[in-house]
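**Q** Sharing work_30.cif, mmCIF, C-alpha atoms:
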```
data_start
loop_
_atom_site.label_atom_id
_atom_site.label_comp_id
_atom_site.auth_asym_id
_atom_site.auth_seq_id
_atom_site.Cartn_x
_atom_site.Cartn_y
_atom_site.Cartn_z
CA ASP A 16 38.51 -28.59 -55.34
CA ALA A 17 35.56 -28.80 -57.71
CA GLY A 18 32.23 -27.70 -56.37
CA VAL A 19 28.86 -29.10 -57.34
CA THR A 20 28.64 -29.47 -61.11
CA GLN A 21 25.44 -29.73 -63.11
CA SER A 22 24.77 -30.46 -66.75
CA PRO A 23 23.51 -29.26 -69.07
CA THR A 24 23.46 -25.52 -68.31
CA HIS A 25 20.42 -24.82 -70.46
CA LEU A 26 17.86 -27.05 -72.09
CA ILE A 27 14.86 -26.43 -74.30
CA LYS A 28 12.18 -29.10 -74.62
CA THR A 29 8.62 -29.32 -75.84
CA ARG A 30 5.54 -30.44 -73.94
CA GLY A 31 5.28 -34.19 -73.47
CA GLN A 32 8.99 -34.87 -73.85
CA GLN A 33 11.25 -36.34 -71.21
CA VAL A 34 14.43 -34.82 -69.77
CA THR A 35 17.40 -36.00 -67.69
CA LEU A 36 19.50 -33.60 -65.65
CA ARG A 37 22.81 -34.59 -64.10
CA CYS A 38 24.70 -33.60 -60.97
CA SER A 39 28.12 -34.38 -59.55
CA PRO A 40 28.46 -33.53 -55.86
CA LYS A 41 31.27 -31.62 -54.25
CA SER A 42 34.30 -33.78 -53.45
CA GLY A 43 33.68 -35.73 -50.25
CA HIS A 44 29.92 -35.16 -50.24
CA ASP A 45 27.64 -38.19 -50.27
CA THR A 46 24.17 -36.64 -50.21
CA VAL A 47 22.43 -34.99 -53.14
CA SER A 48 19.22 -32.97 -53.09
CA TRP A 49 17.26 -31.51 -55.99
CA TYR A 50 15.26 -28.30 -56.01
CA GLN A 51 13.07 -26.47 -58.50
CA GLN A 52 13.15 -22.68 -58.51
CA ALA A 53 10.56 -20.69 -60.43
CA LEU A 54 11.20 -17.04 -61.19
CA GLY A 55 10.79 -14.85 -58.12
CA GLN A 56 10.36 -17.80 -55.77
CA GLY A 57 12.56 -19.65 -53.33
CA PRO A 58 13.77 -23.14 -54.29
CA GLN A 59 11.21 -25.93 -53.81
CA PHE A 60 12.50 -29.29 -52.54
CA ILE A 61 11.99 -32.19 -54.94
CA PHE A 62 13.86 -35.07 -53.27
CA GLN A 63 17.06 -36.10 -51.52
CA TYR A 64 19.30 -39.10 -52.18
CA TYR A 65 21.65 -40.73 -49.70
CA GLU A 66 23.24 -44.17 -49.95
CA GLU A 67 21.62 -44.55 -53.37
CA GLU A 68 18.12 -44.33 -51.91
CA GLU A 69 15.49 -41.60 -52.02
CA ARG A 70 15.34 -40.47 -48.39
CA GLN A 71 12.82 -37.66 -48.54
CA ARG A 72 10.48 -36.33 -51.17
CA GLY A 73 8.72 -33.02 -51.55
CA ASN A 74 5.31 -32.36 -53.03
CA PHE A 75 6.11 -33.25 -56.62
CA PRO A 76 4.26 -35.75 -58.86
CA ASP A 77 5.64 -39.12 -59.86
CA ARG A 78 6.70 -37.63 -63.20
CA PHE A 79 9.74 -36.48 -61.25
CA SER A 80 12.11 -39.32 -60.48
CA GLY A 81 15.76 -39.64 -59.65
CA HIS A 82 18.69 -41.86 -59.09
CA GLN A 83 21.96 -41.81 -57.20
CA PHE A 84 24.97 -43.77 -58.42
CA PRO A 85 27.69 -45.47 -56.35
CA ASN A 86 30.02 -42.51 -56.99
CA TYR A 87 27.33 -40.25 -55.36
CA SER A 88 26.43 -38.48 -58.61
CA SER A 89 22.74 -38.14 -59.32
CA GLU A 90 20.19 -37.73 -62.07
CA LEU A 91 16.81 -36.04 -62.10
CA ASN A 92 14.33 -37.33 -64.67
CA VAL A 93 11.12 -35.56 -65.60
CA ASN A 94 8.57 -37.27 -67.85
CA ALA A 95 5.64 -35.86 -69.80
CA LEU A 96 6.92 -32.30 -69.53
CA LEU A 97 4.41 -29.52 -68.90
CA LEU A 98 4.79 -25.81 -69.55
CA GLY A 99 4.81 -25.32 -65.78
CA ASP A 100 7.99 -27.38 -65.48
CA SER A 101 9.94 -24.45 -66.91
CA ALA A 102 12.28 -23.42 -64.09
CA LEU A 103 15.83 -23.44 -62.76
CA TYR A 104 16.68 -26.90 -61.45
CA LEU A 105 19.23 -26.86 -58.68
CA CYS A 106 21.29 -29.68 -57.29
CA ALA A 107 22.80 -29.38 -53.82
CA SER A 108 25.25 -31.69 -52.09
CA SER A 109 26.21 -32.12 -48.45
CA LEU A 110 28.33 -34.19 -46.07
CA GLY A 111 25.35 -36.24 -45.01
CA PRO A 112 21.60 -35.58 -44.95
CA GLY A 113 21.57 -33.08 -42.11
CA GLN A 114 24.58 -31.02 -43.07
CA PRO A 115 24.73 -27.65 -44.85
CA GLN A 116 23.90 -27.94 -48.53
CA HIS A 117 25.95 -26.36 -51.30
CA PHE A 118 24.36 -25.62 -54.64
CA GLY A 119 25.54 -26.08 -58.19
CA ASP A 120 24.97 -23.47 -60.88
CA GLY A 121 21.71 -25.09 -61.95
CA THR A 122 20.10 -26.19 -65.18
CA ARG A 123 17.66 -23.77 -66.75
CA LEU A 124 14.88 -25.78 -68.39
CA SER A 125 12.51 -24.13 -70.84
CA ILE A 126 9.40 -25.91 -72.10
CA LEU A 127 7.85 -24.71 -75.35
CA GLN B 10 0.54 -20.27 -42.65
CA LYS B 11 3.60 -20.63 -44.86
CA GLU B 12 6.39 -22.77 -43.48
CA VAL B 13 9.04 -20.07 -43.90
CA GLU B 14 8.14 -16.43 -44.31
CA GLN B 15 10.27 -13.49 -45.33
CA ASN B 16 9.46 -9.93 -46.26
CA SER B 17 10.08 -9.80 -50.01
CA GLY B 18 11.34 -6.20 -49.86
CA PRO B 19 13.07 -4.54 -51.49
CA LEU B 20 15.09 -3.50 -48.48
CA SER B 21 17.16 -0.45 -49.36
CA VAL B 22 20.10 0.68 -47.23
CA PRO B 23 22.94 3.14 -47.84
CA GLU B 24 26.51 1.93 -48.14
CA GLY B 25 28.08 1.40 -44.72
CA ALA B 26 24.77 0.88 -42.91
CA ILE B 27 23.53 -2.27 -41.16
CA ALA B 28 21.05 -4.36 -43.14
CA SER B 29 18.64 -6.46 -41.09
CA LEU B 30 16.87 -9.38 -42.74
CA ASN B 31 14.18 -11.34 -40.93
CA CYS B 32 12.57 -14.75 -41.24
CA THR B 33 9.91 -16.67 -39.31
CA TYR B 34 9.17 -20.39 -39.48
CA SER B 35 6.24 -22.54 -38.46
CA ASP B 36 7.75 -25.94 -37.52
CA ARG B 37 8.84 -25.89 -33.87
CA GLY B 38 10.83 -29.10 -34.48
CA SER B 39 13.24 -27.42 -36.89
CA GLN B 40 16.83 -27.69 -35.73
CA SER B 41 18.96 -26.06 -38.41
CA PHE B 42 18.69 -22.67 -40.06
CA PHE B 43 20.48 -21.33 -43.08
CA TRP B 44 20.97 -18.10 -44.96
CA TYR B 45 21.76 -18.14 -48.66
CA ARG B 46 22.63 -15.24 -50.94
CA GLN B 47 21.47 -15.35 -54.54
CA TYR B 48 22.62 -12.87 -57.14
CA SER B 49 20.34 -12.31 -60.11
CA GLY B 50 20.67 -15.17 -62.58
CA LYS B 51 22.91 -17.18 -60.27
CA SER B 52 22.42 -20.07 -57.87
CA PRO B 53 22.10 -19.73 -54.06
CA GLU B 54 25.35 -19.44 -52.09
CA LEU B 55 25.49 -20.53 -48.45
CA ILE B 56 26.65 -17.66 -46.25
CA MET B 57 25.61 -18.62 -42.70
CA PHE B 58 24.07 -21.45 -40.71
CA ILE B 59 23.00 -21.55 -37.08
CA TYR B 60 21.75 -24.36 -34.86
CA SER B 61 21.58 -22.85 -31.35
CA ASN B 62 19.72 -19.93 -29.83
CA GLY B 63 21.70 -16.73 -29.79
CA ASP B 64 24.09 -15.05 -32.18
CA LYS B 65 26.68 -16.43 -34.56
CA GLU B 66 29.14 -14.06 -36.19
CA ASP B 67 31.23 -14.54 -39.34
CA GLY B 68 32.97 -11.45 -40.62
CA ARG B 69 30.38 -8.79 -41.45
CA PHE B 70 27.53 -11.28 -41.05
CA THR B 71 25.67 -12.15 -37.84
CA ALA B 72 22.92 -14.75 -37.71
CA GLN B 73 20.49 -14.61 -34.80
CA LEU B 74 18.16 -17.40 -33.72
CA ASN B 75 15.27 -17.34 -31.27
CA LYS B 76 13.56 -20.75 -31.24
CA ALA B 77 10.92 -19.69 -28.72
CA SER B 78 9.76 -16.97 -31.09
CA GLN B 79 10.50 -19.11 -34.19
CA TYR B 80 12.52 -16.26 -35.59
CA VAL B 81 15.81 -16.09 -37.48
CA SER B 82 17.58 -12.96 -38.63
CA LEU B 83 20.67 -11.98 -40.59
CA LEU B 84 22.55 -8.74 -39.92
CA ILE B 85 25.00 -7.41 -42.48
CA ARG B 86 27.31 -4.76 -41.06
CA ASP B 87 29.06 -2.13 -43.19
CA SER B 88 26.84 -3.00 -46.15
CA GLN B 89 28.49 -2.78 -49.58
CA PRO B 90 26.93 -2.42 -53.04
CA SER B 91 28.24 -5.95 -53.72
CA ASP B 92 25.86 -7.19 -50.99
CA SER B 93 22.92 -6.28 -53.24
CA ALA B 94 21.20 -9.62 -53.85
CA THR B 95 18.27 -11.74 -52.75
CA TYR B 96 18.74 -13.37 -49.35
CA LEU B 97 17.00 -16.68 -48.82
CA CYS B 98 16.17 -18.08 -45.39
CA ALA B 99 15.99 -21.89 -45.22
CA VAL B 100 14.91 -24.24 -42.46
CA ASN B 101 15.51 -27.98 -42.31
CA LYS B 102 12.63 -30.44 -42.35
CA ARG B 103 13.43 -33.99 -41.33
CA ASP B 104 11.43 -37.12 -41.94
CA ARG B 105 11.48 -40.69 -40.61
CA GLN B 106 13.93 -41.90 -43.24
CA ALA B 107 16.43 -39.32 -42.00
CA GLY B 108 16.22 -37.18 -45.10
CA THR B 109 16.59 -33.48 -44.57
CA ALA B 110 14.84 -31.13 -46.92
CA LEU B 111 15.51 -27.41 -46.90
CA ILE B 112 12.34 -25.35 -46.88
CA PHE B 113 12.98 -21.91 -48.29
CA GLY B 114 11.27 -18.58 -47.93
CA LYS B 115 10.65 -16.50 -51.04
CA GLY B 116 13.65 -14.34 -50.25
CA THR B 117 14.27 -10.69 -49.40
CA THR B 118 15.81 -8.44 -52.03
CA LEU B 119 18.49 -6.16 -50.59
CA SER B 120 19.68 -3.07 -52.42
CA VAL B 121 22.73 -1.21 -51.10
CA SER B 122 23.22 2.22 -52.61
CA SER B 123 26.62 3.91 -52.87
#
```
Can you give me the file's structure in the form of structure tokens?

**A**
Amino acid sequence: DAGVTQSPTHLIKTRGQQVTLRCSPKSGHDTVSWYQQALGQGPQFIFQYYEEEERQRGNFPDRFSGHQFPNYSSELNVNALLLGDSALYLCASSLGPGQPQHFGDGTRLSIL
Amino acid sequence: QKEVEQNSGPLSVPEGAIASLNCTYSDRGSQSFFWYRQYSGKSPELIMFIYSNGDKEDGRFTAQLNKASQYVSLLIRDSQPSDSATYLCAVNKRDRQAGTALIFGKGTTLSVSS
């Protein structure tokens, strides 16, 4: 039973570029949430998708956008990258919006 | 006041001892509480969740919840060096569109010495 899978594992971009991160939820899970984790900090909630709609959004600018597909997989897009966007991006899936969330291994994004 | 607060540690305990990790939260409407373990360089791993006041036990782990005091704790009995990690407390935050964000504390670093 595959867990939450994220791609790519690592990514290096330069300021101003755009990036797309991908997530496949755990089998049977229909809800995907995205988090940003800076070094030494707890994960910060970006947004949550359920039934292909953004259900809740954290305190992140519009440069951060997402999408959920009919097969429940999801993408996180970040435009106009800033140095401060360097972080570990985590995807979590759950059996519905209020259920325990399980994390993937994350994508480490470095901005030069 | 931060939404979820944890002592960053490090908390150092000898092998075989009980480790006690604490967390306070500010939103009285929170209904669900989670503990995640995160090894260095890895992603968070769910180890316990609790919804009702009182204790919930799972193996060597016990989660304790006191909603009146807005306090959650995690006890690890018979601590092992492999328990050395950062422990993240998370609290749910609902909104009108029925989304449920997890709000995390900064985590407590636990070090178990052999």

**Q** Could you tell me, as a list in words, exactly which residues end up selected when the PyMOL selection byres ((chain A and resi 127) around 8) is applied to this structure?

**A**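 On this input, the PyMOL selection byres ((chain A and resi 127) around 8) captures Ile27, Lys28, Thr29, Arg30, Leu98, Ser125 and Ile126 of chain A.
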
**Q** Exactly which residues make up the result of the PyMOL selection byres ((chain A) within 10 of (chain B)) on this file, given as a VMD selection string?

**A** chain A and resid 46 48 to 50 52 54 to 65 68 to 73 103 to 107 111 to 122

**Q** If the PyMOL selection byres ((chain B and resi 12) around 6) were run on this exact file, what residues would it hold? Put them as a list in words.

**A**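 When the PyMOL selection byres ((chain B and resi 12) around 6) is applied to the shown file, the picked residues are Lys11, Val13, Tyr34 and Ser35 of chain B.
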
**Q** Generate a file of the selected residues that holds C-alpha atoms, formatted as a short mmCIF file (atom, residue, chain, number, x, y, z; two decimals), in the frame of the given file.

**A**
```cif
data_model
loop_
_atom_site.label_atom_id
_atom_site.label_comp_id
_atom_site.auth_asym_id
_atom_site.auth_seq_id
_atom_site.Cartn_x
_atom_site.Cartn_y
_atom_site.Cartn_z
CA LYS B 11 3.60 -20.63 -44.86
CA VAL B 13 9.04 -20.07 -43.90
CA TYR B 34 9.17 -20.39 -39.48
CA SER B 35 6.24 -22.54 -38.46
#
```

**Q** Hey, can you check how far atom CA of B:Ile56 sits from atom CA of A:His82?

**A**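 That distance, rounded to one decimal, is 28.5 Å.
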
**Q** B:Ser122, B:Gly18, B:Phe70, B:Gly63: which is nearest B:Ile85, counting only C-alpha atoms?

**A**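 Closest candidate: B:Phe70.
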
**Q** Could you pull the residues within 8 Å of B:Gln73, counting only C-alpha atoms, minus those fewer than 5 positions along the same chain, as a count of residues only?

**A** 8

**Q** Taking all listed atoms of stretch 116-124 of chain A, build the axis-aligned box, pad each of the six sides by 3 Å, then write its centre and edge lengths in Å to one decimal as AutoDock Vina command-line options.

**A**
```
--center_x 20.4 --center_y -25.7 --center_z -58.5 --size_x 17.1 --size_y 10.5 --size_z 25.9
```

**Q** Go ahead and compute the interatomic distance for atom CA of B:Leu30 and atom CA of B:Leu119, in Å to one decimal.

**A**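 Separation of atom CA of B:Leu30 and atom CA of B:Leu119: 8.6 Å.
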
**Q** Using only C-alpha atoms, find the one residue out of B:Ala94, B:Gln89, B:Leu84, B:Trp44 that sits nearest to B:Pro23.

**A**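 Of all the options, B:Gln89 lies closest to B:Pro23.
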
**Q** Would you mind reading off the distance between atom CA of A:Thr24 and atom CA of A:Arg123, one decimal, in Å?

**A**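 Here the two named atoms are 6.3 Å from each other.
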
**Q** Taking (33.4, -35.3, -54.3) as a centre in this file's frame and 10 Å as the limit, can you find every polymer residue with an atom that close, using all atoms listed in the file, and give them as a list in words?

**A** Asp16, Ala17, Gly18, Val19, Ser39, Pro40, Lys41, Ser42, Gly43, His44, Asp45, Asn86, Tyr87, Ser88, Ser108, Ser109 and Leu110 of chain A

**Q** Taking only C-alpha atoms into account, which of B:Ser88, B:Asn75, B:Ser61, B:Gln10 comes nearest B:Ser120?

**A**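 Smallest distance to B:Ser120 is found for B:Ser88.
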
**Q** Show which residues sit within 12 Å of A:Gln33, as a list in words. Count only C-alpha atoms, and ignore same-chain residues fewer than 5 positions away.

**A** Leu26, Ile27, Lys28, Arg78, Phe79, Ser80, Leu91, Asn92, Val93, Asn94, Ala95, Leu96, Leu97, Asp100, Leu124 and Ile126 of chain A

**Q** Please save C-alpha atoms of the selected residues as a tab-separated table (two decimals), in the frame of the given file.

**A**
```tsv
chain	number	residue	atom	x	y	z
A	26	LEU	CA	17.86	-27.05	-72.09
A	27	ILE	CA	14.86	-26.43	-74.30
A	28	LYS	CA	12.18	-29.10	-74.62
A	78	ARG	CA	6.70	-37.63	-63.20
A	79	PHE	CA	9.74	-36.48	-61.25
A	80	SER	CA	12.11	-39.32	-60.48
A	91	LEU	CA	16.81	-36.04	-62.10
A	92	ASN	CA	14.33	-37.33	-64.67
A	93	VAL	CA	11.12	-35.56	-65.60
A	94	ASN	CA	8.57	-37.27	-67.85
A	95	ALA	CA	5.64	-35.86	-69.80
A	96	LEU	CA	6.92	-32.30	-69.53
A	97	LEU	CA	4.41	-29.52	-68.90
A	100	ASP	CA	7.99	-27.38	-65.48
A	124	LEU	CA	14.88	-25.78	-68.39
A	126	ILE	CA	9.40	-25.91	-72.10
```

**Q** Using all atoms listed in the file for the distances, tell me which of A:Phe75, A:Gln32, A:Glu66, A:Gln51 is nearest to A:Ser89.

**A**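 Among the listed residues, the smallest separation from A:Ser89 belongs to A:Glu66.
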
**Q** May I ask which of the residues B:Ser49, B:Ser39, B:Thr71, B:Ser91 is the closest one to B:Glu24, counting all atoms listed in the file?

**A**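 The closest residue to B:Glu24 is B:Ser91.
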
**Q** Would you kindly identify which residues have an atom no farther than 7 Å from (19.6, -39.6, -68.6), using all atoms listed in the file and the file's own coordinates, and write them out as a ChimeraX atom specification?

**A** /A:35-36,90,92

**Q** Could I see stretch 48-59 of chain B restored to all heavy atoms, set down as a PDB file, keeping the file's coordinate frame?

**A**
```pdb
ATOM      1  N   TYR B  48      22.546 -13.965 -56.196  1.00  0.00           N
ATOM      2  CA  TYR B  48      22.620 -12.870 -57.140  1.00  0.00           C
ATOM      3  C   TYR B  48      21.714 -13.193 -58.323  1.00  0.00           C
ATOM      4  O   TYR B  48      21.467 -14.359 -58.634  1.00  0.00           O
ATOM      5  CB  TYR B  48      24.052 -12.658 -57.616  1.00  0.00           C
ATOM      6  CG  TYR B  48      24.990 -12.147 -56.551  1.00  0.00           C
ATOM      7  CD1 TYR B  48      26.031 -12.926 -56.047  1.00  0.00           C
ATOM      8  CD2 TYR B  48      24.848 -10.858 -56.032  1.00  0.00           C
ATOM      9  CE1 TYR B  48      26.886 -12.465 -55.078  1.00  0.00           C
ATOM     10  CE2 TYR B  48      25.703 -10.384 -55.051  1.00  0.00           C
ATOM     11  CZ  TYR B  48      26.719 -11.189 -54.575  1.00  0.00           C
ATOM     12  OH  TYR B  48      27.560 -10.713 -53.601  1.00  0.00           O
ATOM     13  N   SER B  49      21.258 -12.148 -58.994  1.00  0.00           N
ATOM     14  CA  SER B  49      20.340 -12.310 -60.110  1.00  0.00           C
ATOM     15  C   SER B  49      20.941 -13.226 -61.180  1.00  0.00           C
ATOM     16  O   SER B  49      22.074 -13.010 -61.627  1.00  0.00           O
ATOM     17  CB  SER B  49      20.007 -10.945 -60.719  1.00  0.00           C
ATOM     18  OG  SER B  49      19.103 -11.080 -61.784  1.00  0.00           O
ATOM     19  N   GLY B  50      20.209 -14.257 -61.545  1.00  0.00           N
ATOM     20  CA  GLY B  50      20.670 -15.170 -62.580  1.00  0.00           C
ATOM     21  C   GLY B  50      21.651 -16.222 -62.114  1.00  0.00           C
ATOM     22  O   GLY B  50      22.146 -17.017 -62.918  1.00  0.00           O
ATOM     23  N   LYS B  51      21.949 -16.226 -60.836  1.00  0.00           N
ATOM     24  CA  LYS B  51      22.910 -17.180 -60.270  1.00  0.00           C
ATOM     25  C   LYS B  51      22.211 -18.139 -59.311  1.00  0.00           C
ATOM     26  O   LYS B  51      21.025 -17.997 -59.021  1.00  0.00           O
ATOM     27  CB  LYS B  51      24.033 -16.445 -59.538  1.00  0.00           C
ATOM     28  CG  LYS B  51      24.801 -15.478 -60.408  1.00  0.00           C
ATOM     29  CD  LYS B  51      25.557 -16.191 -61.514  1.00  0.00           C
ATOM     30  CE  LYS B  51      26.431 -15.231 -62.303  1.00  0.00           C
ATOM     31  NZ  LYS B  51      27.134 -15.923 -63.426  1.00  0.00           N
ATOM     32  N   SER B  52      22.968 -19.105 -58.808  1.00  0.00           N
ATOM     33  CA  SER B  52      22.420 -20.070 -57.870  1.00  0.00           C
ATOM     34  C   SER B  52      22.651 -19.592 -56.433  1.00  0.00           C
ATOM     35  O   SER B  52      23.491 -18.723 -56.187  1.00  0.00           O
ATOM     36  CB  SER B  52      23.056 -21.443 -58.081  1.00  0.00           C
ATOM     37  OG  SER B  52      24.441 -21.393 -57.811  1.00  0.00           O
ATOM     38  N   PRO B  53      21.918 -20.137 -55.453  1.00  0.00           N
ATOM     39  CA  PRO B  53      22.100 -19.730 -54.060  1.00  0.00           C
ATOM     40  C   PRO B  53      23.487 -20.121 -53.530  1.00  0.00           C
ATOM     41  O   PRO B  53      24.000 -21.202 -53.827  1.00  0.00           O
ATOM     42  CB  PRO B  53      21.000 -20.496 -53.321  1.00  0.00           C
ATOM     43  CG  PRO B  53      19.986 -20.819 -54.365  1.00  0.00           C
ATOM     44  CD  PRO B  53      20.769 -21.051 -55.610  1.00  0.00           C
ATOM     45  N   GLU B  54      24.036 -19.238 -52.710  1.00  0.00           N
ATOM     46  CA  GLU B  54      25.350 -19.440 -52.090  1.00  0.00           C
ATOM     47  C   GLU B  54      25.165 -19.422 -50.584  1.00  0.00           C
ATOM     48  O   GLU B  54      24.614 -18.453 -50.032  1.00  0.00           O
ATOM     49  CB  GLU B  54      26.305 -18.332 -52.524  1.00  0.00           C
ATOM     50  CG  GLU B  54      27.656 -18.352 -51.837  1.00  0.00           C
ATOM     51  CD  GLU B  54      28.444 -17.076 -52.095  1.00  0.00           C
ATOM     52  OE1 GLU B  54      27.919 -16.164 -52.761  1.00  0.00           O
ATOM     53  OE2 GLU B  54      29.591 -16.989 -51.625  1.00  0.00           O
ATOM     54  N   LEU B  55      25.610 -20.455 -49.899  1.00  0.00           N
ATOM     55  CA  LEU B  55      25.490 -20.530 -48.450  1.00  0.00           C
ATOM     56  C   LEU B  55      26.400 -19.497 -47.788  1.00  0.00           C
ATOM     57  O   LEU B  55      27.604 -19.458 -48.058  1.00  0.00           O
ATOM     58  CB  LEU B  55      25.855 -21.934 -47.965  1.00  0.00           C
ATOM     59  CG  LEU B  55      25.804 -22.172 -46.463  1.00  0.00           C
ATOM     60  CD1 LEU B  55      24.364 -22.064 -45.946  1.00  0.00           C
ATOM     61  CD2 LEU B  55      26.383 -23.543 -46.110  1.00  0.00           C
ATOM     62  N   ILE B  56      25.824 -18.646 -46.926  1.00  0.00           N
ATOM     63  CA  ILE B  56      26.650 -17.660 -46.250  1.00  0.00           C
ATOM     64  C   ILE B  56      26.676 -17.868 -44.733  1.00  0.00           C
ATOM     65  O   ILE B  56      27.667 -17.505 -44.094  1.00  0.00           O
ATOM     66  CB  ILE B  56      26.229 -16.210 -46.585  1.00  0.00           C
ATOM     67  CG1 ILE B  56      24.744 -15.976 -46.331  1.00  0.00           C
ATOM     68  CG2 ILE B  56      26.587 -15.866 -48.018  1.00  0.00           C
ATOM     69  CD1 ILE B  56      24.334 -14.520 -46.507  1.00  0.00           C
ATOM     70  N   MET B  57      25.631 -18.410 -44.148  1.00  0.00           N
ATOM     71  CA  MET B  57      25.610 -18.620 -42.700  1.00  0.00           C
ATOM     72  C   MET B  57      24.698 -19.788 -42.363  1.00  0.00           C
ATOM     73  O   MET B  57      23.708 -20.030 -43.051  1.00  0.00           O
ATOM     74  CB  MET B  57      25.073 -17.392 -41.966  1.00  0.00           C
ATOM     75  CG  MET B  57      25.968 -16.175 -41.957  1.00  0.00           C
ATOM     76  SD  MET B  57      27.393 -16.349 -40.879  1.00  0.00           S
ATOM     77  CE  MET B  57      26.635 -16.283 -39.255  1.00  0.00           C
ATOM     78  N   PHE B  58      25.020 -20.500 -41.281  1.00  0.00           N
ATOM     79  CA  PHE B  58      24.070 -21.450 -40.710  1.00  0.00           C
ATOM     80  C   PHE B  58      24.160 -21.357 -39.198  1.00  0.00           C
ATOM     81  O   PHE B  58      25.212 -20.999 -38.649  1.00  0.00           O
ATOM     82  CB  PHE B  58      24.296 -22.876 -41.212  1.00  0.00           C
ATOM     83  CG  PHE B  58      25.671 -23.427 -40.962  1.00  0.00           C
ATOM     84  CD1 PHE B  58      25.962 -24.105 -39.798  1.00  0.00           C
ATOM     85  CD2 PHE B  58      26.670 -23.272 -41.919  1.00  0.00           C
ATOM     86  CE1 PHE B  58      27.219 -24.624 -39.579  1.00  0.00           C
ATOM     87  CE2 PHE B  58      27.935 -23.788 -41.706  1.00  0.00           C
ATOM     88  CZ  PHE B  58      28.220 -24.462 -40.533  1.00  0.00           C
ATOM     89  N   ILE B  59      23.053 -21.662 -38.527  1.00  0.00           N
ATOM     90  CA  ILE B  59      23.000 -21.550 -37.080  1.00  0.00           C
ATOM     91  C   ILE B  59      22.098 -22.649 -36.543  1.00  0.00           C
ATOM     92  O   ILE B  59      21.052 -22.957 -37.146  1.00  0.00           O
ATOM     93  CB  ILE B  59      22.524 -20.132 -36.660  1.00  0.00           C
ATOM     94  CG1 ILE B  59      22.586 -19.952 -35.150  1.00  0.00           C
ATOM     95  CG2 ILE B  59      21.128 -19.816 -37.198  1.00  0.00           C
ATOM     96  CD1 ILE B  59      22.448 -18.488 -34.701  1.00  0.00           C
TER      97      ILE B  59
END
```
